[in-house]
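**Student:** Coordinates in upload-v3.txt, compact mmCIF, C-alpha atoms, are listed below.
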```txt
# COMPACT_ATOMS: atom_id res chain seq x y z
CA MET A 16 108.00 184.78 128.54
CA ALA A 17 108.51 186.48 131.89
CA GLY A 18 110.40 189.77 131.92
CA PRO A 19 113.40 190.85 134.01
CA GLY A 20 112.90 190.34 137.70
CA SER A 21 110.04 187.93 137.09
CA VAL A 22 108.89 185.38 139.60
CA ARG A 23 107.14 182.16 138.66
CA LEU A 24 103.76 182.19 140.32
CA SER A 25 102.71 179.00 142.04
CA VAL A 26 99.45 178.48 143.89
CA PRO A 27 99.97 176.84 147.30
CA PHE A 28 96.56 175.30 147.93
CA TRP A 29 95.49 174.30 151.37
CA SER A 30 92.38 172.25 151.94
CA MET A 31 89.23 173.70 153.44
CA ASP A 32 88.22 170.30 154.84
CA ILE A 33 85.64 170.01 152.08
CA LYS A 34 86.57 167.59 149.33
CA ASP A 35 87.66 169.37 146.13
CA MET A 36 87.40 172.79 147.71
CA PHE A 37 90.45 175.02 148.09
CA PHE A 38 91.44 178.39 149.41
CA ASP A 39 94.70 180.04 148.43
CA LYS A 40 96.63 181.78 151.16
CA MET A 41 96.23 185.53 151.34
CA LYS A 42 99.58 186.53 149.93
CA CYS A 43 101.72 189.46 148.92
CA ASP A 44 103.96 189.12 145.89
CA CYS A 45 106.47 191.48 144.36
CA GLY A 46 107.62 191.50 140.76
CA PHE A 47 106.02 190.44 137.51
CA ALA A 48 104.01 187.46 138.70
CA MET A 49 102.27 185.55 135.97
CA GLN A 50 100.45 182.42 134.94
CA GLY A 51 100.30 181.60 131.25
CA ASP A 52 97.23 180.20 129.50
CA HIS A 53 95.86 177.30 131.51
CA ALA A 54 92.56 175.67 132.39
CA HIS A 55 91.36 173.53 135.27
CA GLN A 56 88.37 171.58 136.50
CA HIS A 57 87.24 173.98 139.21
CA TYR A 58 85.59 177.36 139.51
CA GLU A 59 88.04 180.12 140.35
CA PHE A 60 87.73 183.52 142.01
CA THR A 61 90.74 185.83 142.19
CA PHE A 62 90.52 188.87 144.44
CA GLY A 63 93.02 191.67 143.86
CA PHE A 64 93.09 194.08 146.77
CA SER A 65 95.87 196.39 145.55
CA ARG A 66 95.87 199.15 142.96
CA ILE A 67 98.39 197.33 140.82
CA PRO A 68 97.87 197.09 137.03
CA VAL A 69 97.04 193.54 136.00
CA ARG A 70 96.67 192.12 132.50
CA HIS A 71 94.50 189.03 132.19
CA SER A 72 92.94 187.08 129.37
CA VAL A 73 90.11 184.67 128.69
CA SER A 74 90.46 182.44 125.63
CA GLY A 75 92.94 184.89 124.13
CA GLN A 76 90.86 188.04 124.75
CA ILE A 77 93.02 190.43 126.78
CA SER A 78 91.82 192.93 129.37
CA GLN A 79 93.57 195.14 131.87
CA THR A 80 92.64 196.70 135.21
CA ASP A 81 94.50 198.89 137.70
CA THR A 82 91.85 198.98 140.42
CA PRO A 83 90.80 196.37 143.01
CA TYR A 84 89.13 193.56 141.10
CA ILE A 85 87.37 190.21 141.22
CA LEU A 86 88.06 187.74 138.41
CA PHE A 87 85.65 184.83 137.89
CA ARG A 88 86.56 181.80 135.76
CA SER A 89 84.33 178.80 135.00
CA PRO A 90 85.81 175.29 134.72
CA PHE A 91 87.90 174.51 131.61
CA ILE A 92 88.07 178.12 130.39
CA LEU A 93 91.58 179.03 129.21
CA HIS A 94 92.85 182.09 131.05
CA SER A 95 96.02 183.86 132.13
CA LEU A 96 97.13 186.63 134.46
CA ARG A 97 100.15 188.91 134.73
CA THR A 98 100.94 191.87 136.94
CA LEU A 99 102.49 194.88 135.22
CA ASP A 100 104.21 196.54 138.16
CA THR A 101 107.04 195.55 140.49
CA GLN A 102 105.24 196.93 143.55
CA PRO A 103 103.98 194.43 146.16
CA TYR A 104 100.39 193.41 145.65
CA LYS A 105 97.92 191.42 147.71
CA ARG A 106 95.60 188.83 146.28
CA CYS A 107 93.51 185.88 147.39
CA GLN A 108 92.06 183.00 145.39
CA VAL A 109 89.15 180.67 146.13
CA TYR A 110 88.62 177.48 144.13
CA PHE A 111 85.92 174.85 144.27
CA HIS A 112 84.94 171.86 142.18
CA PRO A 113 81.47 171.83 140.50
CA GLY A 114 80.66 168.77 142.60
CA ILE A 115 80.42 171.04 145.65
CA LEU A 116 77.35 172.74 144.15
CA LYS A 117 75.65 169.38 143.68
CA LYS A 118 76.64 168.05 147.09
CA TYR A 119 75.32 171.15 148.85
CA GLU A 120 72.41 171.88 146.55
CA GLY A 121 70.10 174.30 148.33
CA ILE A 122 73.01 175.80 150.25
CA CYS A 123 75.59 176.72 147.60
CA ASP A 124 74.32 178.45 144.48
CA LEU A 125 76.12 180.45 141.79
CA GLY A 126 73.19 182.80 141.29
CA SER A 127 73.72 185.04 138.26
CA LEU A 128 77.19 183.50 137.76
CA ARG A 129 75.50 180.35 136.40
CA SER A 130 75.25 182.11 133.03
CA VAL A 131 78.73 183.63 132.97
CA ARG A 132 81.77 181.94 131.41
CA ALA A 133 84.30 184.33 132.85
CA CYS A 134 84.35 188.01 133.72
CA THR A 135 85.97 190.84 135.61
CA ILE A 136 83.48 191.98 138.24
CA PRO A 137 83.57 195.71 139.01
CA THR A 138 83.71 196.66 142.65
CA ASP A 139 84.71 199.55 144.92
CA GLU A 140 86.91 200.01 147.96
CA LYS A 141 84.06 199.57 150.47
CA GLN A 142 82.87 196.31 148.87
CA MET A 143 86.42 194.97 148.71
CA GLU A 144 86.98 195.80 152.37
CA TYR A 145 83.88 193.78 153.25
CA LEU A 146 84.94 190.85 151.02
CA GLU A 147 88.43 190.87 152.51
CA ARG A 148 86.93 190.57 156.01
CA LEU A 149 84.67 187.74 154.84
CA LEU A 150 87.58 185.90 153.19
CA SER A 151 89.75 186.30 156.30
CA HIS A 152 86.92 184.93 158.43
CA MET A 153 86.48 181.98 156.05
CA ARG A 154 90.20 181.24 156.12
CA ARG A 155 90.28 181.26 159.93
CA LEU A 156 87.37 178.81 160.18
CA TRP A 157 88.92 176.53 157.53
CA ARG A 158 92.18 176.51 159.48
CA GLU A 159 90.35 175.67 162.70
CA GLY A 160 88.55 172.74 161.04
CA ALA A 161 85.00 174.05 160.96
CA PRO A 162 82.31 171.47 159.98
CA GLU A 163 81.70 170.97 156.27
CA ARG A 164 78.21 172.50 156.31
CA VAL A 165 79.58 175.63 157.98
CA CYS A 166 82.22 175.92 155.27
CA ALA A 167 79.58 175.38 152.58
CA GLY A 168 77.40 178.05 154.16
CA LEU A 169 80.25 180.55 154.11
CA LEU A 170 80.95 179.72 150.48
CA SER A 171 77.27 180.32 149.77
CA ALA A 172 77.50 183.74 151.44
CA LEU A 173 80.53 184.61 149.32
CA LEU A 174 78.83 183.48 146.10
CA HIS A 175 75.75 185.53 146.96
CA GLU A 176 77.77 188.69 147.58
CA ILE A 177 79.70 188.31 144.32
CA SER A 178 76.69 187.38 142.17
CA GLU A 179 74.98 190.57 143.35
CA LEU A 180 77.85 192.57 141.84
CA VAL A 181 77.66 191.03 138.34
CA PRO A 182 76.34 193.58 135.81
CA GLN A 183 73.40 192.38 133.74
CA GLU A 184 75.28 192.84 130.47
CA MET A 185 77.83 190.20 131.54
CA ILE A 186 75.17 187.51 131.90
CA GLU A 187 74.83 185.29 128.83
CA PRO A 188 71.08 184.64 128.40
CA ASP A 189 71.54 181.29 126.69
CA GLY A 190 73.86 180.01 129.40
CA ILE A 191 76.59 177.46 128.76
CA PRO A 192 75.72 174.20 126.93
CA PRO A 193 76.46 171.62 129.67
CA TYR A 194 77.98 169.04 127.31
CA ILE A 195 80.69 171.49 126.23
CA GLN A 196 82.25 171.34 129.70
CA GLN A 197 82.35 167.56 129.28
CA VAL A 198 84.09 167.96 125.92
CA MET A 199 86.65 170.26 127.53
CA LEU A 200 87.23 167.80 130.36
CA TYR A 201 87.66 164.99 127.83
CA ILE A 202 90.32 167.02 126.00
CA VAL A 203 92.21 167.64 129.25
CA ASP A 204 92.04 163.97 130.30
CA HIS A 205 92.77 162.39 126.87
CA MET A 206 95.48 164.63 125.49
CA GLU A 207 97.42 161.66 124.13
CA GLU A 208 94.62 160.79 121.71
CA GLU A 209 94.04 162.20 118.21
CA LEU A 210 91.53 164.86 119.21
CA THR A 211 90.05 165.79 115.85
CA LEU A 212 86.72 167.55 115.45
CA GLU A 213 85.25 164.42 113.86
CA PHE A 214 86.43 162.20 116.71
CA LEU A 215 85.04 164.50 119.44
CA ALA A 216 81.70 164.88 117.63
CA GLN A 217 81.36 161.08 117.53
CA GLN A 218 82.33 160.74 121.19
CA PHE A 219 79.55 163.10 122.26
CA TYR A 220 76.93 162.10 119.68
CA VAL A 221 76.62 165.57 118.21
CA GLY A 222 76.99 166.98 114.71
CA LYS A 223 80.27 168.67 113.78
CA THR A 224 78.55 171.97 112.96
CA LYS A 225 76.75 172.11 116.31
CA LEU A 226 79.94 171.22 118.19
CA VAL A 227 81.84 173.96 116.36
CA GLU A 228 79.17 176.57 117.13
CA ASP A 229 78.62 175.58 120.77
CA PHE A 230 82.33 175.24 121.49
CA ARG A 231 83.16 178.68 120.11
CA SER A 232 80.21 180.25 121.96
CA VAL A 233 81.68 179.04 125.26
CA THR A 234 85.44 179.29 124.72
CA ARG A 235 85.70 181.95 121.97
CA GLN A 236 88.05 179.48 120.28
CA SER A 237 87.83 176.68 117.76
CA VAL A 238 88.24 173.09 118.99
CA HIS A 239 91.67 172.95 117.31
CA GLU A 240 92.83 176.19 118.98
CA TYR A 241 91.69 174.92 122.36
CA VAL A 242 93.38 171.53 121.95
CA THR A 243 96.62 173.28 120.92
CA ALA A 244 96.49 175.66 123.89
CA ILE A 245 95.85 172.83 126.37
CA ARG A 246 98.68 170.74 124.90
CA LEU A 247 101.02 173.73 125.06
CA TRP A 248 100.08 174.36 128.68
CA ARG A 249 100.64 170.70 129.60
CA ALA A 250 103.94 170.61 127.69
CA LYS A 251 105.17 173.70 129.56
CA THR A 252 104.21 172.14 132.88
CA MET A 253 106.10 168.94 132.06
CA LEU A 254 109.13 170.86 130.76
CA ALA A 255 109.25 172.82 134.03
CA GLU A 256 109.19 169.48 135.88
CA GLY A 257 112.27 168.33 133.93
CA MET A 258 110.64 165.56 131.88
CA GLN A 259 112.27 164.28 128.69
CA LEU A 260 111.00 165.63 125.39
CA SER A 261 110.09 162.16 124.11
CA VAL A 262 107.87 161.56 127.16
CA ILE A 263 106.22 164.97 126.79
CA ALA A 264 105.52 164.40 123.10
CA ASP A 265 103.92 161.02 123.81
CA ARG A 266 101.75 162.25 126.71
CA CYS A 267 100.64 165.38 124.87
CA GLY A 268 99.46 163.53 121.77
CA PHE A 269 102.31 164.12 119.32
CA SER A 270 103.44 161.28 117.07
CA ARG A 271 107.08 162.40 117.27
CA GLU A 272 109.27 164.97 119.03
CA SER A 273 109.65 167.07 115.89
CA ALA A 274 105.89 167.72 115.80
CA LEU A 275 105.99 168.95 119.40
CA ILE A 276 108.97 171.21 118.65
CA THR A 277 107.22 172.67 115.59
CA MET A 278 104.07 173.46 117.56
CA PHE A 279 106.03 174.88 120.48
CA ARG A 280 108.13 177.16 118.26
CA ARG A 281 105.05 178.35 116.37
CA GLU A 282 103.14 179.20 119.56
CA THR A 283 105.97 180.65 121.70
CA GLY A 284 108.74 181.66 119.32
CA MET A 285 111.11 179.30 121.16
CA THR A 286 112.03 175.64 121.09
CA PRO A 287 111.08 173.59 124.18
CA GLY A 288 114.75 173.58 125.23
CA GLU A 289 115.03 177.36 124.91
CA TRP A 290 111.83 177.82 126.89
CA ARG A 291 113.02 175.50 129.66
CA ARG A 292 116.33 177.39 129.93
CA SER A 293 114.43 180.69 130.18
CA LEU A 294 112.96 179.52 133.50
CA HIS A 295 116.35 179.71 135.23
```
Give the structure from the file, written as structure tokens.

**Tutor:**
Amino acid sequence: MAGPGSVRLSVPFWSMDIKDMFFDKMKCDCGFAMQGDHAHQHYEFTFGFSRIPVRHSVSGQISQTDTPYILFRSPFILHSLRTLDTQPYKRCQVYFHPGILKKYEGICDLGSLRSVRACTIPTDEKQMEYLERLLSHMRRLWREGAPERVCAGLLSALLHEISELVPQEMIEPDGIPPYIQQVMLYIVDHMEEELTLEFLAQQFYVGKTKLVEDFRSVTRQSVHEYVTAIRLWRAKTMLAEGMQLSVIADRCGFSRESALITMFRRETGMTPGEWRRSLH
């Protein structure tokens, strides 16, 4: 729940003229800006240029930084972010769909980030100054409608600069089992179904034990914990949009409203109605 003086943080995307590729406006916010646990289908980079303390999490594991930072998040990884100071802060976010890497294979490459689920990348003032200039240049060209291959080339330059900053100890030698991202996408797209471990194992032709082990190695969560977190995130989104509880329960895979209310109270300490009222 947001504290006094909180602002709800929205992300105003604007297109970079490359399909499924987005660049958030360079922005300054004041107050306790936050995004609760959520996941999405794209890669995400968040650049924090101010010395403002920020608390962020990946699959429930919480970290904190009060220096300029770069946060990297792979697709479908649950994460959150909250500032801990009311001072203005400046940040920028870059998003792109995995399909961009395939479309511009040979131009865009994740480098060492291929074997990283999510991480906070250490940097210094000089490096951040350079990255801020690069991001501002990218944003200007996007706004002016630069050709797709130019945009892809600039993204490649950004990825190269960031991958060079990733410490070796953050790289997971075994990488990420590719089918796990497909399982995570299936969960997001089929929330109304009964997403049991047995069902998902059958859908992806894999043994339950292997699915359990691979899923936890990527997300640091069990399948059940991940399904619950995704349903909670979707329910919060729909509550904020003013949808009826019966509709939310049906679309989030609950057999009845009471089951949704029980889950919501257990995870947040509030009923859905109480949570919705807390937004105002």

**Student:** Counting only C-alpha atoms, which residue out of A:Gly126, A:Gln183, A:Gly63, A:Ser74 sits closest to Thr138 of chain A?

**Tutor:**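 Answer, going by the shortest atom-to-atom distance: A:Gly63.
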
**Student:** Smallest atom-to-atom distance to Ile202 of chain A: which of A:Leu170, A:Leu254, A:Leu180, A:Cys267, using all atoms listed in the file?

**Tutor:** A:Cys267

**Student:** One decimal, Å: what's the distance from atom CA of Val242 of chain A over to atom CA of Gln218 of chain A, could you say?

**Tutor:**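 Atom CA of Gln218 of chain A lies 15.5 Å from atom CA of Val242 of chain A.
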
**Student:** What does the structure give for the distance between atom CA of Ser232 of chain A and atom CA of Ile177 of chain A, in Å to one decimal?

**Tutor:**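 Interatomic distance here is 23.8 Å.
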
**Student:** If we count only C-alpha atoms, what is near Met199 of chain A at a cut-off of 9 Å, once residues fewer than 3 positions away on the same chain are taken out, given as a list in words?

**Tutor:**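 Listing them by chain and then by number gives Pro90, Phe91, Ile92, Tyr194, Ile195, Gln196, Ile202, Val203, Asp204, Phe230, Tyr241 and Val242 of chain A.
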
**Student:** Smallest atom-to-atom distance to Ala133 of chain A: which of A:Gln108, A:Ser72, A:Ser151, A:Thr80, using all atoms listed in the file?

**Tutor:**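 Checking each of A:Gln108, A:Ser72, A:Ser151, A:Thr80 against Ala133 of chain A, counting all atoms listed in the file, the winner is A:Ser72.
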
**Student:** Hey, can you check how far atom CA of Thr243 of chain A sits from atom CA of Gly222 of chain A?

**Tutor:**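 It comes out at 21.5 Å.
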